[in-house]
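Take a look at the structure set out below.
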Amino acid sequence: MKIAIFAGDGIGPEVIAQARRVLEALSLPGLTLFEGDVGAAAYRRHGHPLPPETLEMARAADAVLFGAVGDFSCDDLPRELRPEQAILGLRSELGLFANLRPAAGFPGLEHLSSLKPEVARSIDLLVVRELNGDVYFGDKGERGSAGGREGWDMMSYNEAEVRRIAHAGFRAAMGRGKKLTSVDKANVLETSRIWRETVIEVAQEYPEVELDHMYVDNAAMQLVKSPGQFDTIVTGNLFGDILSDQASACVGSIGLLASASLGERQTDYGTFGLYEPIHGSAPDIAGQGKANPVAAVLSLAMLLRHSLGREEDAVRIERAVEAILADGVLGGDLGGSASTQEVGDAIVRKIVTIS
Ligand SMILES: NC(=O)C1=CN([C@@H]2O[C@H](COP(=O)(O)OP(=O)(O)OC[C@H]3O[C@@H](n4cnc5c(N)ncnc54)[C@H](O)[C@@H]3O)[C@@H](O)[C@H]2O)C=CC1
Ligand SMILES: CC(C)CC(=O)C(=O)O
Ligand SMILES: [Mg+2]
């Protein structure tokens, strides 16, 4: 089993160091770890945020564990050299089109949610976000205009792209509460009209799943008003990016939510994937030991489940995380004072005691 580890920038290395300790505490036989450079760190060392050797390392692995990229010192670089291109490049080059972002409340942490505790208690949803299309990958540019500089980012989806993420959404819903909400903006966007019609067509193959549709503005409102109504959400790249950050505040902190990015490639043990917290490099707290490593640790659990077929180890990690949070080992983002290292220590100790 080969895992490529790309820690990246800002708090990326801090949270990945803790995830790595948790992985080592599991003492899995036959595991090889490789480390590669991405983001601003890679740009400084190799002149590119996603050097060819990093991409090759990812291709040769069964899974990638990713921290975060982004560094304001790179803001003036041309777009193709900015750190964020590393994660976009990995997602597109590796064909990782389905981004699974679960958001569920942790028992006893309801008071830390931005919602009322009784509302927060009801959250248990999965955002299935399309990851290879939309405005992030469409034609983009800048030109002069009568109104000054004009920029554009083309939003587009074709039926094949929508079909494959719709299948991912329906399959995910089948494994959960059999309810799928497709989020779009079909009242004004052509892209969304094709999205909605294609999702309805794919629904014929999943008669057991109850499908509904919601405009993204209403979905954002419903998410904070009554998140319990959602089971599985399928949506485009931009809407999914925004709604999942919003969902993290409903759970308690962006430092808690993990993600899996999957494509079609199968390995000897499961589906090849890239696993990362939903947060970014958080330059405002980088280097201060304040980053919550839980999202990175839970991303590792998703890696073990989806790419390495090690469900029992994934559950062991998830139980350890739930236990330390219930014990009150909380970082600053959750109103506590535990450092990144202390949260990692507590998870490692629990892993060892949980059989
Ligand atoms: N996949 C990736 O690598 C992503 C990279 N980014 C990049 O990250 C950089 C910073 O972006 P922001 O918009 O500030 O988003 P961010 O997610 O890095 O941070 C947003 C807020 O959440 C806090 N936060 C994030 N992770 C946390 C954690 N684990 N524990 C405690 N608090 C945490 C930060 O301190 C900040 O106040 C930018 O360069 C952005 O492009 C943003 C999102 C995803
Ligand atoms: C950094 C961006 C490319 C994407 C993002 O914010 C995300 O995937 O959560
Ligand atoms: Mg994001």
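Lettering and numbering for the structure tokens are positional, with chains as A, B, ... in the shown order, residues counted from 1 in each chain, and ligands counted from 1 in the shown order.
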Region 269-272 of chain A surroundings by only C-alpha atoms, 10 Å radius, close-in-sequence under 4 positions cut, as number ranges by chain: A: 1, 58-59, 61-64, 94-96, 260-265, 303-310
Any chance you could export the current selection's N, CA and C atoms as an mmCIF file, in the first residue's frame?
data_model
loop_
_atom_site.group_PDB
_atom_site.id
_atom_site.type_symbol
_atom_site.label_atom_id
_atom_site.label_comp_id
_atom_site.auth_asym_id
_atom_site.auth_seq_id
_atom_site.Cartn_x
_atom_site.Cartn_y
_atom_site.Cartn_z
ATOM 1 N N MET A 1 0.853 -1.181 0.000
ATOM 2 C CA MET A 1 0.000 0.000 0.000
ATOM 3 C C MET A 1 0.890 1.234 0.000
ATOM 4 N N ALA A 58 2.018 10.934 -7.168
ATOM 5 C CA ALA A 58 0.578 10.730 -6.939
ATOM 6 C C ALA A 58 0.063 9.590 -7.814
ATOM 7 N N ARG A 59 0.485 9.571 -9.064
ATOM 8 C CA ARG A 59 0.002 8.532 -9.989
ATOM 9 C C ARG A 59 0.443 7.139 -9.554
ATOM 10 N N ALA A 61 0.867 6.140 -6.514
ATOM 11 C CA ALA A 61 0.367 5.779 -5.181
ATOM 12 C C ALA A 61 -1.040 5.179 -5.262
ATOM 13 N N ASP A 62 -1.467 4.580 -4.147
ATOM 14 C CA ASP A 62 -2.852 4.103 -4.029
ATOM 15 C C ASP A 62 -3.760 5.218 -3.520
ATOM 16 N N ALA A 63 -3.141 6.206 -2.873
ATOM 17 C CA ALA A 63 -3.914 7.325 -2.322
ATOM 18 C C ALA A 63 -2.972 8.484 -2.022
ATOM 19 N N VAL A 64 -3.550 9.681 -1.986
ATOM 20 C CA VAL A 64 -2.783 10.881 -1.639
ATOM 21 C C VAL A 64 -3.412 11.506 -0.398
ATOM 22 N N LEU A 94 -5.614 13.849 -12.218
ATOM 23 C CA LEU A 94 -5.893 12.514 -11.668
ATOM 24 C C LEU A 94 -7.352 12.106 -11.886
ATOM 25 N N GLY A 95 -8.126 12.956 -12.557
ATOM 26 C CA GLY A 95 -9.525 12.615 -12.871
ATOM 27 C C GLY A 95 -10.397 12.476 -11.629
ATOM 28 N N LEU A 96 -10.118 13.280 -10.622
ATOM 29 C CA LEU A 96 -10.866 13.185 -9.356
ATOM 30 C C LEU A 96 -12.076 14.113 -9.444
ATOM 31 N N ALA A 260 -12.964 13.503 0.657
ATOM 32 C CA ALA A 260 -12.371 12.515 -0.254
ATOM 33 C C ALA A 260 -12.649 12.979 -1.674
ATOM 34 N N SER A 261 -11.628 12.942 -2.519
ATOM 35 C CA SER A 261 -11.823 13.261 -3.935
ATOM 36 C C SER A 261 -11.540 11.998 -4.732
ATOM 37 N N LEU A 262 -12.578 11.511 -5.408
ATOM 38 C CA LEU A 262 -12.478 10.199 -6.057
ATOM 39 C C LEU A 262 -12.724 10.304 -7.551
ATOM 40 N N GLY A 263 -12.151 9.357 -8.283
ATOM 41 C CA GLY A 263 -12.404 9.246 -9.710
ATOM 42 C C GLY A 263 -12.826 7.826 -10.021
ATOM 43 N N GLU A 264 -12.351 7.311 -11.171
ATOM 44 C CA GLU A 264 -12.767 5.962 -11.548
ATOM 45 C C GLU A 264 -11.684 4.919 -11.354
ATOM 46 N N ARG A 265 -10.432 5.365 -11.170
ATOM 47 C CA ARG A 265 -9.327 4.409 -11.115
ATOM 48 C C ARG A 265 -9.399 3.519 -9.865
ATOM 49 N N LEU A 303 -9.412 8.041 3.733
ATOM 50 C CA LEU A 303 -8.416 7.397 2.853
ATOM 51 C C LEU A 303 -8.379 5.894 3.123
ATOM 52 N N LEU A 304 -8.311 5.544 4.394
ATOM 53 C CA LEU A 304 -8.225 4.114 4.738
ATOM 54 C C LEU A 304 -9.485 3.388 4.278
ATOM 55 N N ARG A 305 -10.631 4.055 4.397
ATOM 56 C CA ARG A 305 -11.909 3.428 4.014
ATOM 57 C C ARG A 305 -12.009 3.250 2.491
ATOM 58 N N HIS A 306 -11.813 4.345 1.752
ATOM 59 C CA HIS A 306 -12.116 4.309 0.315
ATOM 60 C C HIS A 306 -10.973 3.755 -0.542
ATOM 61 N N SER A 307 -9.732 4.076 -0.178
ATOM 62 C CA SER A 307 -8.619 3.685 -1.057
ATOM 63 C C SER A 307 -7.899 2.430 -0.603
ATOM 64 N N LEU A 308 -7.894 2.161 0.700
ATOM 65 C CA LEU A 308 -7.115 1.010 1.173
ATOM 66 C C LEU A 308 -7.991 -0.119 1.712
ATOM 67 N N GLY A 309 -9.312 0.068 1.667
ATOM 68 C CA GLY A 309 -10.217 -1.002 2.100
ATOM 69 C C GLY A 309 -10.061 -1.373 3.569
ATOM 70 N N ARG A 310 -9.655 -0.412 4.397
ATOM 71 C CA ARG A 310 -9.434 -0.710 5.818
ATOM 72 C C ARG A 310 -10.499 -0.008 6.669
#
Run DSSP on the backbone of this structure and report the residues of region 158-233 of chain A it assigns to alpha helix (DSSP H), as a count of residues only. 40
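Using only C-alpha atoms and all ligand atoms for every distance, the candidate list A:Glu142, A:Glu210, A:Glu84, A:Glu130 yields A:Glu84 as the residue closest to ligand 1.
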I'd like to know which of A:Gly344, A:Leu300, A:Ile123, A:Gly228 is closest to Ala4 (chain A), using only C-alpha atoms.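 Going through A:Gly344, A:Leu300, A:Ile123, A:Gly228 one by one, the smallest distance to Ala4 (chain A) is for A:Leu300.
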Top pick for closest residue to Gly289 (chain A), considering A:Glu14, A:Asp333, A:Glu205, A:Asp241 and counting only C-alpha atoms: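 Of the candidates, the smallest distance to Gly289 (chain A) is held by A:Glu14.
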Check the smallest atom-to-atom distance from each of A:Glu24, A:Asp245, A:Asp268, A:Glu35 to Phe6 (chain A) using only C-alpha atoms, then report the winner.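 Answer, going by the shortest atom-to-atom distance: A:Glu35.
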